Structures are given as C-alpha cells and as structure tokens.
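Listing of entry.pdb; format and content: PDB, C-alpha atoms.
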```
ATOM      1  CA  MET A  14      43.495  70.583 -16.574
ATOM      2  CA  PRO A  15      40.094  69.060 -15.739
ATOM      3  CA  GLU A  16      39.462  67.256 -12.446
ATOM      4  CA  PRO A  17      39.569  63.438 -12.724
ATOM      5  CA  SER A  18      36.129  61.902 -12.754
ATOM      6  CA  ARG A  19      34.888  59.835  -9.839
ATOM      7  CA  LEU A  20      35.261  56.748 -12.028
ATOM      8  CA  ASP A  21      38.894  57.647 -12.793
ATOM      9  CA  GLN A  22      39.545  58.106  -9.079
ATOM     10  CA  LEU A  23      38.004  54.729  -8.289
ATOM     11  CA  HIS A  24      40.136  53.034 -10.957
ATOM     12  CA  PHE A  25      43.212  54.722  -9.506
ATOM     13  CA  LEU A  26      42.266  53.542  -6.009
ATOM     14  CA  ARG A  27      41.752  50.024  -7.314
ATOM     15  CA  ARG A  28      45.241  49.973  -8.881
ATOM     16  CA  CYS A  29      46.747  51.185  -5.599
ATOM     17  CA  LEU A  30      44.891  48.537  -3.611
ATOM     18  CA  LEU A  31      45.904  45.771  -6.030
ATOM     19  CA  GLN A  32      49.531  46.813  -5.571
ATOM     20  CA  GLN A  33      49.097  46.602  -1.798
ATOM     21  CA  VAL A  34      47.439  43.176  -2.049
ATOM     22  CA  ALA A  35      50.331  41.983  -4.247
ATOM     23  CA  LYS A  36      52.777  43.231  -1.609
ATOM     24  CA  VAL A  37      50.886  41.422   1.174
ATOM     25  CA  ASP A  38      50.779  38.256  -0.969
ATOM     26  CA  ASP A  39      54.554  38.518  -1.351
ATOM     27  CA  TRP A  40      54.992  38.907   2.421
ATOM     28  CA  ILE A  41      52.782  35.833   2.975
ATOM     29  CA  ARG A  42      54.831  33.820   0.473
ATOM     30  CA  GLN A  43      58.085  34.878   2.159
ATOM     31  CA  GLU A  44      56.759  33.936   5.606
ATOM     32  CA  GLU A  45      55.535  30.546   4.368
ATOM     33  CA  GLU A  46      58.965  29.867   2.835
ATOM     34  CA  ARG A  47      60.680  30.950   6.069
ATOM     35  CA  LYS A  48      58.484  28.681   8.184
ATOM     36  CA  ALA A  49      59.001  25.747   5.803
ATOM     37  CA  ALA A  50      62.780  26.223   5.940
ATOM     38  CA  GLU A  51      62.622  26.438   9.734
ATOM     39  CA  ALA A  52      60.594  23.227   9.894
ATOM     40  CA  ARG A  53      63.229  21.466   7.781
ATOM     41  CA  ARG A  54      65.979  22.678  10.153
ATOM     42  CA  THR A  55      64.241  21.924  13.440
ATOM     43  CA  PRO A  56      64.459  18.286  14.445
ATOM     44  CA  PRO A  57      61.370  16.799  16.047
ATOM     45  CA  PRO A  58      61.372  16.812  19.855
ATOM     46  CA  VAL A  59      62.907  13.787  21.522
ATOM     47  CA  PRO A  60      60.135  11.605  22.970
ATOM     48  CA  ASP A  61      60.310  10.474  26.597
ATOM     49  CA  TRP A  62      60.094   6.840  25.516
ATOM     50  CA  ALA A  63      60.622   5.047  22.220
ATOM     51  CA  ILE A  64      60.112   1.541  20.996
ATOM     52  CA  GLU A  65      62.501   0.041  18.484
ATOM     53  CA  MET A  66      60.744  -1.957  15.815
ATOM     54  CA  SER A  67      62.199  -4.941  13.987
ATOM     55  CA  LEU A  68      62.382  -4.960  10.205
ATOM     56  CA  THR A  69      59.124  -6.915  10.183
ATOM     57  CA  GLY A  70      57.420  -4.223  12.271
ATOM     58  CA  THR A  71      57.163  -6.033  15.597
ATOM     59  CA  PRO A  72      58.255  -4.341  18.853
ATOM     60  CA  GLN A  73      61.842  -5.278  19.593
ATOM     61  CA  ARG A  74      63.210  -3.136  22.431
ATOM     62  CA  LEU A  75      62.059  -0.265  24.643
ATOM     63  CA  HIS A  76      64.325   2.776  25.097
ATOM     64  CA  VAL A  77      64.415   6.035  27.001
ATOM     65  CA  GLY A  78      63.897   8.794  24.415
ATOM     66  CA  GLY A  79      67.166   9.852  22.839
ATOM     67  CA  CYS A  80      68.969   6.571  23.514
ATOM     68  CA  GLY A  81      71.553   6.139  20.782
ATOM     69  CA  LEU A  82      70.920   2.407  20.566
ATOM     70  CA  GLY A  83      67.330   2.820  19.439
ATOM     71  CA  GLY A  84      68.135   2.373  15.784
ATOM     72  CA  THR A  85      67.177   4.753  13.034
ATOM     73  CA  GLN A  86      64.341   7.185  13.436
ATOM     74  CA  ALA A  87      62.449   5.206  10.811
ATOM     75  CA  ARG A  88      62.610   2.123  13.045
ATOM     76  CA  THR A  89      61.567   3.778  16.300
ATOM     77  CA  LYS A  90      58.166   4.918  17.417
ATOM     78  CA  PRO A  91      57.569   7.475  20.194
ATOM     79  CA  LEU A  92      55.521   6.294  23.160
ATOM     80  CA  THR A  93      53.740   7.823  26.115
ATOM     81  CA  ARG A  94      54.588   6.663  29.626
ATOM     82  CA  ASP A  95      51.476   4.462  29.735
ATOM     83  CA  GLN A  96      52.311   2.895  26.373
ATOM     84  CA  ALA A  97      55.883   2.211  27.536
ATOM     85  CA  LEU A  98      54.636   0.521  30.719
ATOM     86  CA  ARG A  99      52.184  -1.528  28.665
ATOM     87  CA  ALA A 100      54.997  -2.619  26.328
ATOM     88  CA  LEU A 101      57.044  -3.812  29.313
ATOM     89  CA  SER A 102      54.050  -5.676  30.713
ATOM     90  CA  GLU A 103      53.606  -7.370  27.333
ATOM     91  CA  GLY A 104      57.191  -8.635  27.445
ATOM     92  CA  VAL A 105      58.997  -6.139  25.220
ATOM     93  CA  GLU A 106      62.691  -6.184  26.123
ATOM     94  CA  ALA A 107      64.093  -3.108  27.867
ATOM     95  CA  CYS A 108      67.369  -1.647  26.565
ATOM     96  CA  GLY A 109      70.211  -2.738  28.834
ATOM     97  CA  ILE A 110      72.031   0.575  28.396
ATOM     98  CA  CYS A 111      69.403   3.294  28.926
ATOM     99  CA  ARG A 112      67.296   1.097  31.266
ATOM    100  CA  PRO A 113      63.777   2.392  30.602
ATOM    101  CA  ASP A 114      62.439  -0.223  33.008
ATOM    102  CA  VAL A 115      64.270   1.458  35.897
ATOM    103  CA  ALA A 116      63.385   4.975  34.684
ATOM    104  CA  LEU A 117      59.707   3.952  34.553
ATOM    105  CA  GLY A 118      59.853   2.429  38.035
ATOM    106  CA  TRP A 119      59.160  -1.037  36.604
ATOM    107  CA  LEU A 120      62.303  -2.367  38.278
ATOM    108  CA  GLU A 121      64.045  -0.852  41.267
TER     109      GLU A 121
END
```

Transcribe the structure of this file into structure tokens.
Amino acid sequence: MPEPSRLDQLHFLRRCLLQQVAKVDDWIRQEEERKAAEARRTPPPVPDWAIEMSLTGTPQRLHVGGCGLGGTQARTKPLTRDQALRALSEGVEACGICRPDVALGWLE
C-alpha cells in the first residue's frame, strides 16, 4: 500500500482539527446554557437601601434593602447610601417598619 501523500495527510489533519473545534464549540454552548440557567436561578443581590416608587413613578417611601413592605421589585429602585440620605433630605417618607432613617443615622 502506498504512503499517503502530504496533501492527503494535511486533509486528514484538517478533518481531525475540525472535529476538535466542533467539540470545543459544543463545550462553549453547554457552558453558555449553564451560565444562563444559573443567572435565571440566582436572584439579584438585595440592595442596602431601596426606594418604593408610586404607580406614577414618583418616590413614595424609603426602605432598608429587603424590607417586605417595599412593594414589588418592579416598583422599587436600589439606592446607594448617599442617594438614600438625599431622598430623606428631599422629604421622601421613611418606612415606619424597617426605619431606614434610623439605620442611616438620620434620626437617633
């Protein structure tokens, strides 16, 4: 049986490499699907402070992050400490249950 030509060997190598690339592509697809599923399962982190918005979109009440009275996630907006203090200074009502004003040191 004659030796395969250099061209035949290169074609064989190409087929092998394409199979490896297809395998890597499959691993990438599986990892992307795994990460997407994980992202759907993992809830976003609870913010330190949240502001409850009215149906018209105006600030209604300030809450400590995770307060159950903050309304739906669609109606709350996470805030930084500085933003929460600014909201209090602008007259946004503090939740009477979780008392973000006390937690922020606004009231003693």

Quiz prompt | Contacts of segment 95-101 of chain A at 10 Å (only C-alpha atoms; same-chain gap of 5+ positions) as a list in words | solution =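 Returned residues: Asp61, Trp62, Ala63, Ile64, Pro72, Gln73, Arg74, Leu75, His76, Val77, Glu106, Ala107, Pro113, Asp114, Leu117, Gly118 and Trp119 of chain A.
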
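The space separating atom CA of Gly78 of chain A from atom CA of Val59 of chain A comes to 5.9 Å.
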
Quiz item: Out of A:Ala116, A:Leu82, A:Cys29, A:Ala52, which residue has the shortest atom-to-atom distance to Glu65 of chain A when counting only C-alpha atoms?
Solution: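 For Glu65 of chain A, the nearest of the given residues is A:Leu82.
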
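Atom CA of Gly79 of chain A is found 11.9 Å from atom CA of Ile110 of chain A.
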
Exercise. Just give me the gap between atom CA of His24 of chain A and atom CA of Trp40 of chain A in Å, one decimal is fine.
Key: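 Computing it gives 24.5 Å between the two atoms.
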
Quiz prompt | Of the listed residues A:Cys80, A:Val34, A:Leu92, A:Leu68, that which approaches Cys111 of chain A most closely, counting only C-alpha atoms | solution =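 Closest candidate: A:Cys80.
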